[in-house]
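Visitor: Structure file data-v3.cif (mmCIF, C-alpha atoms) is given on the next line.
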```
data_protein
#
loop_
_atom_site.label_atom_id
_atom_site.label_comp_id
_atom_site.auth_asym_id
_atom_site.auth_seq_id
_atom_site.Cartn_x
_atom_site.Cartn_y
_atom_site.Cartn_z
CA MET A 171 12.69 7.95 46.59
CA PRO A 172 12.48 8.55 42.78
CA GLY A 173 10.88 11.94 43.44
CA ARG A 174 13.66 12.90 45.85
CA MET A 175 16.31 11.78 43.36
CA LEU A 176 14.74 13.98 40.72
CA GLN A 177 14.70 16.92 43.12
CA LEU A 178 18.34 16.31 44.11
CA LEU A 179 19.41 16.24 40.47
CA SER A 180 17.49 19.45 39.82
CA LEU A 181 19.25 21.18 42.72
CA LEU A 182 22.69 20.06 41.55
CA GLN A 183 21.94 21.43 38.08
CA SER A 184 20.69 24.77 39.42
CA ARG A 185 23.91 25.82 41.19
CA ARG A 186 27.62 25.11 40.80
CA GLU A 187 28.16 23.76 44.29
CA TRP A 188 26.10 22.68 47.30
CA SER A 189 27.14 21.68 50.78
CA GLY A 190 25.78 18.42 52.12
CA THR A 191 23.98 20.29 54.89
CA GLU A 192 22.25 22.62 52.43
CA LEU A 193 21.04 19.69 50.33
CA ALA A 194 19.78 17.87 53.41
CA GLN A 195 17.82 20.94 54.50
CA ARG A 196 16.30 21.48 51.06
CA LEU A 197 15.32 17.82 50.73
CA GLN A 198 14.27 17.54 54.40
CA VAL A 199 16.39 14.44 54.95
CA THR A 200 19.57 13.58 56.87
CA ASP A 201 23.13 14.11 55.63
CA ARG A 202 23.50 10.34 55.46
CA THR A 203 20.48 10.08 53.13
CA VAL A 204 22.01 12.76 50.89
CA ARG A 205 25.23 10.72 50.67
CA ARG A 206 23.28 7.60 49.71
CA ASP A 207 21.30 9.47 47.06
CA VAL A 208 24.48 10.97 45.62
CA ASP A 209 26.00 7.48 45.44
CA ARG A 210 22.87 6.31 43.62
CA LEU A 211 23.20 9.13 41.06
CA ARG A 212 26.83 8.14 40.52
CA GLU A 213 25.76 4.54 39.92
CA LEU A 214 23.34 5.84 37.27
CA GLY A 215 26.24 7.61 35.56
CA TYR A 216 25.89 11.16 36.84
CA PRO A 217 29.32 12.78 37.43
CA VAL A 218 28.78 14.12 40.95
CA ASP A 219 32.09 15.29 42.41
CA GLY A 220 32.80 15.78 46.10
CA THR A 221 34.22 19.14 47.12
CA THR A 222 36.61 19.94 49.94
CA GLY A 223 36.04 22.38 52.75
CA THR A 224 34.93 22.51 56.35
CA ALA A 225 31.56 20.89 55.63
CA GLY A 226 32.26 19.24 52.27
CA GLY A 227 29.87 19.41 49.36
CA TYR A 228 28.84 18.23 45.91
CA ARG A 229 28.75 19.51 42.35
CA LEU A 230 28.00 18.15 38.90
CA ALA A 231 31.12 17.92 36.75
CA SER A 232 30.94 20.27 33.77
CA GLY A 233 31.67 19.53 30.14
CA ARG A 234 30.11 16.08 30.09
CA ASN A 235 26.84 14.78 28.72
CA LEU A 236 24.48 13.75 31.48
CA PRO A 237 22.65 10.43 31.16
CA PRO A 238 18.86 10.37 31.40
CA LEU A 239 17.33 9.76 34.81
CA LEU A 240 16.67 6.01 34.70
CA LEU A 241 13.22 5.13 36.03
CA ASP A 242 11.19 2.01 35.50
CA ASP A 243 7.48 2.28 34.63
CA GLU A 244 6.25 2.16 38.22
CA GLU A 245 8.85 4.69 39.40
CA ALA A 246 8.03 7.14 36.61
CA VAL A 247 4.30 7.05 37.30
CA ALA A 248 4.96 7.29 41.06
CA VAL A 249 7.04 10.44 40.55
CA ALA A 250 4.38 11.98 38.33
CA VAL A 251 1.66 11.12 40.84
CA GLY A 252 3.66 12.70 43.66
CA LEU A 253 4.40 15.86 41.69
CA THR A 254 0.78 16.18 40.58
CA ALA A 255 -0.45 15.91 44.16
CA THR A 256 2.26 18.26 45.45
CA ALA A 257 1.33 20.92 42.93
CA GLY A 258 -2.14 21.15 44.42
CA THR A 259 -1.67 20.48 48.12
CA ILE A 260 1.58 22.09 49.35
CA THR A 261 1.50 25.87 49.37
CA GLY A 262 4.50 27.69 47.94
CA ILE A 263 5.95 25.06 45.62
CA GLU A 264 3.17 24.70 43.05
CA GLU A 265 5.18 26.24 40.19
CA THR A 266 8.28 24.21 41.08
CA ALA A 267 6.29 20.97 41.05
CA VAL A 268 4.71 21.84 37.70
CA ARG A 269 8.13 22.61 36.17
CA ALA A 270 9.55 19.33 37.46
CA LEU A 271 6.56 17.43 36.07
CA ALA A 272 7.06 19.08 32.67
CA LYS A 273 10.75 18.09 32.64
CA LEU A 274 9.90 14.52 33.59
CA ARG A 275 7.28 14.32 30.86
CA GLN A 276 9.79 15.31 28.19
CA VAL A 277 12.05 12.31 28.83
CA LEU A 278 9.34 9.67 29.21
CA PRO A 279 8.45 7.26 26.40
CA ALA A 280 5.08 7.84 24.75
CA ARG A 281 3.30 5.00 26.56
CA LEU A 282 4.31 6.35 29.99
CA ARG A 283 3.70 9.95 28.97
CA ALA A 284 0.07 9.04 28.28
CA ARG A 285 -0.32 7.58 31.78
CA VAL A 286 1.27 10.62 33.39
CA ASP A 287 -0.95 12.97 31.39
CA ALA A 288 -4.00 10.95 32.43
CA VAL A 289 -3.13 11.25 36.13
CA ALA A 290 -2.50 14.99 35.86
CA ALA A 291 -5.70 15.63 33.89
CA ALA A 292 -7.91 13.53 36.17
CA THR A 293 -6.67 14.92 39.51
CA THR A 294 -8.23 17.64 41.68
CA ALA A 295 -6.84 18.83 45.01
CA VAL A 296 -9.39 19.23 47.79
CA GLY A 297 -7.39 19.89 50.95
CA PRO A 298 -3.98 19.93 52.63
CA GLY A 299 -1.72 17.01 53.33
CA SER A 300 0.47 15.14 50.85
CA PRO A 301 -1.49 12.03 49.82
CA ASN A 302 -0.12 8.58 50.47
CA GLY A 303 -1.19 4.97 50.73
CA ALA A 304 -2.34 4.49 47.12
CA ASP A 305 -0.54 2.30 44.60
CA ALA A 306 0.79 4.16 41.56
CA ASP A 307 -0.47 1.46 39.19
CA VAL A 308 -3.94 1.67 40.71
CA LEU A 309 -3.98 5.44 40.21
CA GLY A 310 -2.75 5.03 36.64
CA VAL A 311 -5.57 2.64 35.73
CA LEU A 312 -8.22 4.80 37.41
CA ALA A 313 -6.94 8.01 35.83
CA THR A 314 -6.88 6.45 32.35
CA ALA A 315 -10.45 5.21 32.82
CA CYS A 316 -11.50 8.73 33.88
CA ARG A 317 -9.90 10.17 30.77
CA ASP A 318 -11.35 7.59 28.37
CA HIS A 319 -14.83 7.45 29.96
CA GLU A 320 -14.45 3.71 30.39
CA LEU A 321 -16.19 1.57 33.01
CA VAL A 322 -13.71 0.17 35.51
CA ALA A 323 -14.10 -2.87 37.79
CA PHE A 324 -12.28 -3.44 41.07
CA ALA A 325 -12.45 -5.02 44.50
CA TYR A 326 -13.23 -2.58 47.30
CA SER A 327 -12.61 -3.06 51.02
CA ARG A 328 -15.32 -1.54 53.19
CA ARG A 329 -14.79 0.11 56.56
CA ASP A 330 -15.78 -3.11 58.36
CA GLY A 331 -13.15 -5.13 56.48
CA SER A 332 -15.53 -6.90 54.07
CA THR A 333 -14.86 -6.79 50.34
CA SER A 334 -17.22 -6.18 47.44
CA ARG A 335 -16.86 -6.11 43.67
CA ARG A 336 -17.66 -2.77 42.07
CA ARG A 337 -18.17 -1.70 38.45
CA VAL A 338 -18.38 2.07 38.17
CA GLU A 339 -18.21 5.06 35.85
CA PRO A 340 -15.08 6.94 37.04
CA HIS A 341 -15.31 10.71 37.07
CA ARG A 342 -12.35 12.23 38.95
CA LEU A 343 -9.40 11.49 41.22
CA VAL A 344 -9.19 13.79 44.23
CA THR A 345 -6.28 14.33 46.62
CA GLY A 346 -6.53 15.82 50.06
CA TYR A 347 -6.34 15.23 53.81
CA GLY A 348 -3.54 12.71 53.26
CA LEU A 349 -5.43 10.37 50.91
CA TRP A 350 -6.48 9.73 47.31
CA TYR A 351 -10.17 9.33 46.41
CA LEU A 352 -12.08 8.23 43.32
CA VAL A 353 -15.39 9.97 42.61
CA ALA A 354 -17.54 7.74 40.41
CA PHE A 355 -21.14 6.88 39.51
CA ASP A 356 -22.22 3.39 40.57
CA PRO A 357 -24.89 2.11 38.12
CA GLU A 358 -25.88 -0.77 40.41
CA ARG A 359 -26.74 1.69 43.20
CA SER A 360 -27.91 4.46 40.87
CA ASP A 361 -25.91 7.02 42.82
CA TRP A 362 -22.59 8.82 43.05
CA ARG A 363 -20.01 7.23 45.32
CA THR A 364 -16.61 8.18 46.76
CA PHE A 365 -13.96 5.44 47.07
CA ARG A 366 -10.69 5.63 48.95
CA ALA A 367 -7.97 4.65 46.47
CA ASP A 368 -5.95 2.77 49.10
CA ARG A 369 -8.92 0.41 49.53
CA ILE A 370 -9.16 -0.35 45.81
CA THR A 371 -7.39 -3.47 44.55
CA ALA A 372 -6.97 -5.01 41.09
CA PRO A 373 -8.71 -2.27 39.08
CA ALA A 374 -9.28 -3.34 35.49
CA PRO A 375 -10.74 -1.53 32.48
CA THR A 376 -13.81 -3.24 31.03
CA HIS A 377 -13.45 -1.81 27.49
CA ALA A 378 -17.04 -0.56 27.83
CA ARG A 379 -17.45 3.16 27.27
CA PHE A 380 -20.07 5.36 28.96
CA THR A 381 -21.50 8.81 28.38
CA PRO A 382 -20.29 11.12 31.18
CA ARG A 383 -23.03 12.19 33.58
CA GLU A 384 -23.44 15.61 35.14
CA PRO A 385 -22.19 15.20 38.73
CA PRO A 386 -24.38 16.54 41.55
CA ALA A 387 -21.49 18.74 42.74
CA ASP A 388 -17.87 19.32 41.86
CA ALA A 389 -15.53 16.48 42.79
CA ALA A 390 -13.95 18.39 45.69
CA ALA A 391 -17.34 19.06 47.29
CA GLN A 392 -18.33 15.42 46.76
CA VAL A 393 -15.27 14.21 48.65
CA ARG A 394 -15.71 16.69 51.48
CA ARG A 395 -19.31 15.61 51.93
CA ALA A 396 -18.40 11.92 51.83
CA ILE A 397 -15.74 12.38 54.51
CA ALA A 398 -18.06 14.42 56.74
CA GLU A 399 -21.00 12.00 56.42
CA ALA A 400 -19.08 8.73 56.66
CA PRO A 401 -20.41 6.35 59.36
CA TYR A 402 -17.35 6.47 61.60
CA ARG A 403 -17.10 4.11 64.57
CA HIS A 404 -16.07 6.95 66.87
CA ARG A 405 -17.29 10.53 66.97
CA ALA A 406 -16.47 13.23 69.48
CA ARG A 407 -16.92 16.94 70.06
CA ALA A 408 -14.67 19.13 72.16
CA THR A 409 -14.58 22.79 73.13
CA VAL A 410 -10.99 23.92 72.77
CA ALA A 411 -9.42 26.88 74.59
CA ALA A 412 -7.77 28.26 71.46
CA PRO A 413 -8.84 30.23 68.38
CA VAL A 414 -9.75 28.56 65.11
CA GLU A 415 -6.40 29.54 63.55
CA HIS A 416 -4.48 27.61 66.22
CA VAL A 417 -6.47 24.41 65.60
CA ARG A 418 -6.10 24.73 61.81
CA ALA A 419 -2.32 25.05 62.21
CA LYS A 420 -2.09 22.02 64.53
CA LEU A 421 -4.56 19.82 62.60
CA PRO A 422 -4.24 20.85 58.93
CA ARG A 423 -6.13 17.79 57.69
CA LEU A 424 -9.24 18.65 59.68
CA LEU A 425 -12.26 19.34 57.49
CA PRO A 426 -13.34 23.01 57.62
CA ALA A 427 -16.91 21.93 58.49
CA ARG A 428 -15.63 20.27 61.67
CA LEU A 429 -14.29 23.50 63.11
CA GLN A 430 -16.66 26.16 64.48
CA PRO A 431 -15.54 29.32 66.34
CA VAL A 432 -17.13 30.15 69.69
CA ASP A 433 -15.33 33.45 70.20
CA GLU A 434 -11.86 34.89 69.57
CA LEU A 435 -10.28 32.59 72.18
CA SER A 436 -12.14 29.28 71.76
CA CYS A 437 -13.78 26.98 69.24
CA VAL A 438 -15.65 23.68 68.91
CA VAL A 439 -13.98 20.77 67.10
CA THR A 440 -15.82 17.68 65.84
CA PHE A 441 -13.90 14.44 65.25
CA GLY A 442 -14.81 11.32 63.31
CA THR A 443 -12.65 8.22 62.84
CA ASP A 444 -12.62 4.44 62.90
CA GLU A 445 -9.53 4.41 65.15
CA VAL A 446 -10.10 5.91 68.57
CA GLY A 447 -6.38 6.50 69.06
CA SER A 448 -6.30 9.12 66.33
CA ILE A 449 -8.71 11.35 68.28
CA VAL A 450 -6.51 11.04 71.36
CA THR A 451 -3.48 11.99 69.26
CA ASP A 452 -5.24 14.98 67.72
CA LEU A 453 -6.43 16.28 71.08
CA ALA A 454 -2.94 15.95 72.53
CA ALA A 455 -1.45 17.69 69.47
CA LEU A 456 -3.50 20.81 70.18
CA GLY A 457 -1.37 21.55 73.24
CA VAL A 458 -4.12 23.56 74.96
CA PRO A 459 -6.90 22.80 77.47
CA PHE A 460 -10.16 21.37 76.16
CA VAL A 461 -13.49 20.07 77.43
CA LEU A 462 -14.85 16.86 75.92
CA ASP A 463 -18.50 17.65 75.25
CA GLU A 464 -19.44 14.41 73.49
CA ALA A 465 -17.60 11.07 73.32
CA ASP A 466 -18.27 7.35 73.60
CA ASP A 467 -17.07 5.27 76.53
CA GLU A 468 -14.15 3.78 74.56
CA LEU A 469 -12.71 7.21 73.82
CA ARG A 470 -13.11 8.38 77.42
CA ASP A 471 -11.41 5.22 78.69
CA ARG A 472 -8.55 5.66 76.20
CA LEU A 473 -8.05 9.28 77.29
CA ARG A 474 -7.94 8.27 80.96
CA THR A 475 -5.48 5.44 80.25
CA THR A 476 -3.24 7.67 78.14
CA GLY A 477 -3.31 10.34 80.84
CA ARG A 478 -2.19 7.83 83.47
CA TRP A 479 0.64 6.63 81.20
CA LEU A 480 1.85 10.19 80.72
CA LEU A 481 1.70 10.96 84.44
CA ASP A 482 3.58 7.77 85.29
CA ALA A 483 6.25 8.59 82.71
CA ALA A 484 6.75 12.17 83.95
CA PRO A 485 9.38 12.77 86.65
CA ARG A 486 7.94 13.51 90.07
CA THR A 487 10.34 16.41 90.56
CA ALA A 488 12.46 18.55 88.29
CA PRO A 489 16.14 17.56 87.95
CA GLY A 490 18.27 19.10 90.70
CA THR A 491 15.31 19.65 93.06
CA THR A 492 13.79 17.65 95.86
CA ALA A 493 10.21 16.70 96.52
CA PRO A 494 8.28 18.98 98.91
CA GLY A 495 8.99 18.20 102.59
CA ARG A 496 12.00 16.06 101.71
CA PRO A 497 15.46 17.31 102.81
CA ALA A 498 18.19 17.71 100.24
CA PRO A 499 20.86 14.97 100.43
#
```
Using structure tokens, write down the structure from this file.
Guide:
Amino acid sequence: MPGRMLQLLSLLQSRREWSGTELAQRLQVTDRTVRRDVDRLRELGYPVDGTTGTAGGYRLASGRNLPPLLLDDEEAVAVAVGLTATAGTITGIEETAVRALAKLRQVLPARLRARVDAVAAATTAVGPGSPNGADADVLGVLATACRDHELVAFAYSRRDGSTSRRRVEPHRLVTGYGLWYLVAFDPERSDWRTFRADRITAPAPTHARFTPREPPADAAAQVRRAIAEAPYRHRARATVAAPVEHVRAKLPRLLPARLQPVDELSCVVTFGTDEVGSIVTDLAALGVPFVLDEADDELRDRLRTTGRWLLDAAPRTAPGTTAPGRPAP
């Protein structure tokens, strides 16, 4: 919400008057959400006037000093994290996100400005999809440790649900495919590791500095390889009756390495996940015929079950028609 409030305020400052519908479309929210956000700005002291007309609208009153946008520490870092990720992962608004981040930085106190700068400096975008699921405070600690070359300790939840304590040399934060990742060297395992930030809890600096190592590859390539080679519980391969461009548009978070063209009208898609339902969802999202070339029994059973549910939910005949061989009433 803080990021949306900042965007709403920026829009109101950029033009004399906006209709509620226009603001809702620009913010990709409902008219009701716009009204709530406007009320929140008013509570913070911003003079937002309502305008009359067929649709109604809003404008900032002129000739008055505007108060600063009031954000607590967590909100400010969360906004900066969101803008930093947006600048690298959503095509077409990179410059807008960078400008908004620069404006936010100017009004932050020095202690928060340092955290925001650390997040921006330590972040690399690797693929599409706005990242989510990571705590802003966690990202702030990890980014600062990357910047200061300081060992960081944390608890990490593995894929099987077990937890281990890790003490690593952080190198880079990476956003992409809907998640945040930490690329770091693990001295205990004498190897580079990739950690999902949403599985990291209670990160703490150790006040022990380290000399940065030369990574085996750039951080983006490290994350791509880690995702592709992860020991997923479920893997599948399907030949899809659609060109590569169609699949990329429908499944933007799919790794490029998992998509291979067969010809101009078909391609092979490889899936890997710990939740079998996500493969079913992705296959259904394609909206075209496919042949399942490889899959485990659990995935095949889930596909059959889902297919039966969909058939049972579908009407037997179209509205206003009768079933074959059955006279009209």
Visitor: With distances taken over only C-alpha atoms, which of A:Asp444, A:Arg423, A:Arg285, A:Arg407 is nearest to Arg328 of chain A?
Guide: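 Closest residue, counting only C-alpha atoms: A:Asp444.
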Visitor: Name the closest residue to Asp388 of chain A among the candidates A:Leu230, A:Arg329, A:Thr440, A:Leu343; distances are taken between atoms, counting all atoms listed in the file.
Guide: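 Answer, going by the shortest atom-to-atom distance: A:Leu343.
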Visitor: Identify which of the residues A:Phe355, A:Val446, A:Thr409, A:Pro386 lies closest to Leu462 of chain A, counting only C-alpha atoms when measuring atom-to-atom distances.
Guide: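 Ranking A:Phe355, A:Val446, A:Thr409, A:Pro386 by distance to Leu462 of chain A, first place goes to A:Thr409.
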Visitor: Between A:Pro373, A:Gly447, A:Gly348, A:Gly220, single out the one closest to Leu425 of chain A, counting all atoms listed in the file.
Guide: A:Gly348
Visitor: Determine the residue membership of the PyMOL selection byres ((chain A and resi 182-191) around 8) for the file above and supply it as a ChimeraX atom specification.
Guide: /A:178-181,192-195,201,204-205,225-230
Visitor: Care to translate the PyMOL selection byres ((chain A and resi 323) around 9) into actual residues of this file, as a VMD selection string?
Guide: chain A and resid 321 to 322 324 to 325 335 to 338 372 to 376
Visitor: Residues at most 10 Å from segment 469-485 of chain A, counting all atoms listed in the file, excluding those fewer than 2 positions away in the same chain, as a VMD selection string?
Guide: chain A and resid 404 to 406 445 to 447 449 to 451 453 to 454 462 464 to 467 487 to 489
Visitor: Could the residues in this selection be written to a file with C-alpha atoms, as a PDB file, in the coordinates of the input?
Guide:
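Result file follows (selection02.pdb):
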```pdb
ATOM      1  CA  HIS A 404     -16.070   6.950  66.870  1.00  0.00           C
ATOM      2  CA  ARG A 405     -17.290  10.530  66.970  1.00  0.00           C
ATOM      3  CA  ALA A 406     -16.470  13.230  69.480  1.00  0.00           C
ATOM      4  CA  GLU A 445      -9.530   4.410  65.150  1.00  0.00           C
ATOM      5  CA  VAL A 446     -10.100   5.910  68.570  1.00  0.00           C
ATOM      6  CA  GLY A 447      -6.380   6.500  69.060  1.00  0.00           C
ATOM      7  CA  ILE A 449      -8.710  11.350  68.280  1.00  0.00           C
ATOM      8  CA  VAL A 450      -6.510  11.040  71.360  1.00  0.00           C
ATOM      9  CA  THR A 451      -3.480  11.990  69.260  1.00  0.00           C
ATOM     10  CA  LEU A 453      -6.430  16.280  71.080  1.00  0.00           C
ATOM     11  CA  ALA A 454      -2.940  15.950  72.530  1.00  0.00           C
ATOM     12  CA  LEU A 462     -14.850  16.860  75.920  1.00  0.00           C
ATOM     13  CA  GLU A 464     -19.440  14.410  73.490  1.00  0.00           C
ATOM     14  CA  ALA A 465     -17.600  11.070  73.320  1.00  0.00           C
ATOM     15  CA  ASP A 466     -18.270   7.350  73.600  1.00  0.00           C
ATOM     16  CA  ASP A 467     -17.070   5.270  76.530  1.00  0.00           C
ATOM     17  CA  THR A 487      10.340  16.410  90.560  1.00  0.00           C
ATOM     18  CA  ALA A 488      12.460  18.550  88.290  1.00  0.00           C
ATOM     19  CA  PRO A 489      16.140  17.560  87.950  1.00  0.00           C
TER      20      PRO A 489
END
```
Visitor: Evaluate the PyMOL selection byres ((chain A and resi 320) around 10) on the structure here and hand back the selected residues as a list in words.
Guide: Leu312, Thr314, Ala315, Cys316, Arg317, Asp318, His319, Leu321, Val322, Ala323, Val338, Glu339, Pro340, His341, Pro375, Thr376, His377, Ala378, Arg379, Phe380, Thr381 and Pro382 of chain A
Visitor: With distances taken over only C-alpha atoms, which residue among A:Thr443, A:Thr221, A:Thr203, A:Ser327 lies nearest Ala400 of chain A?
Guide: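 Using only C-alpha atoms, Ala400 of chain A sits closest to A:Thr443.
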Visitor: Quick one: residues within 10 Å of Leu429 of chain A, only C-alpha atoms counted, chain neighbours fewer than 2 positions away excluded, as a short mmCIF file (atom, residue, chain, number, x, y, z; two decimals) with C-alpha atoms, in the frame of the given file?
Guide:
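Writing the result to out22.cif gives the following:
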```
data_model
loop_
_atom_site.label_atom_id
_atom_site.label_comp_id
_atom_site.auth_asym_id
_atom_site.auth_seq_id
_atom_site.Cartn_x
_atom_site.Cartn_y
_atom_site.Cartn_z
CA ARG A 407 -16.92 16.94 70.06
CA VAL A 414 -9.75 28.56 65.11
CA GLU A 415 -6.40 29.54 63.55
CA VAL A 417 -6.47 24.41 65.60
CA ARG A 418 -6.10 24.73 61.81
CA LEU A 424 -9.24 18.65 59.68
CA LEU A 425 -12.26 19.34 57.49
CA PRO A 426 -13.34 23.01 57.62
CA ALA A 427 -16.91 21.93 58.49
CA PRO A 431 -15.54 29.32 66.34
CA VAL A 432 -17.13 30.15 69.69
CA CYS A 437 -13.78 26.98 69.24
CA VAL A 438 -15.65 23.68 68.91
CA VAL A 439 -13.98 20.77 67.10
CA THR A 440 -15.82 17.68 65.84
CA PHE A 441 -13.90 14.44 65.25
#
```
Visitor: Calculate how many Å separate atom CA of Ala398 of chain A from atom CA of Asp307 of chain A, rounding to one decimal.
Guide: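 For atom CA of Ala398 of chain A relative to atom CA of Asp307 of chain A, the distance reads 28.0 Å.
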Visitor: Can you build me a table of segment 377-399 of chain A residues sitting at most 9 Å from segment 357-365 of chain A, with the closest atom pair per residue and its distance in Å to one decimal, using only C-alpha atoms, sorted by chain and residue number, as a Markdown table?
Guide:
```
| residue | atom | partner | partner_atom | distance |
| --- | --- | --- | --- | --- |
| A:Pro385 | CA | A:Trp362 | CA | 7.7 |
| A:Pro386 | CA | A:Trp362 | CA | 8.1 |
| A:Gln392 | CA | A:Thr364 | CA | 7.4 |
| A:Val393 | CA | A:Thr364 | CA | 6.5 |
| A:Ala396 | CA | A:Thr364 | CA | 6.5 |
| A:Ile397 | CA | A:Thr364 | CA | 8.9 |
```
Visitor: Can you work out the spacing between atom CA of Val296 of chain A and atom CA of Ala390 of chain A in Å, to one decimal?
Guide: 5.1 Å
Visitor: May I ask which of the residues A:Ala411, A:Val311, A:Leu271, A:Ala419 is the closest one to Asp433 of chain A, counting only C-alpha atoms?
Guide: A:Ala411
Visitor: If I take atom CA of Tyr347 of chain A and atom CA of Gly310 of chain A, how far is one from the other in Å, to one decimal?
Guide: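 The value is 20.3 Å.
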Visitor: Using only C-alpha atoms, which protein or nucleic acid residues come within 6 Å of Ala367 of chain A? Drop anything in the same chain fewer than 2 positions from it, and give the result as a list of chain:residue names.
Guide: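 Listed by chain and then number, they are A:Ala304, A:Trp350, A:Tyr351, A:Arg369, A:Ile370.
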Visitor: If the box runs along x, y and z of the file and leaves 8 Å on each side of segment 360-379 of chain A, what are its centre and edge lengths in Å, one decimal, as lines of an AutoDock Vina configuration file?
Guide:
```
center_x = -16.9
center_y = 1.9
center_z = 38.4
size_x = 38.0
size_y = 29.8
size_z = 38.3
```
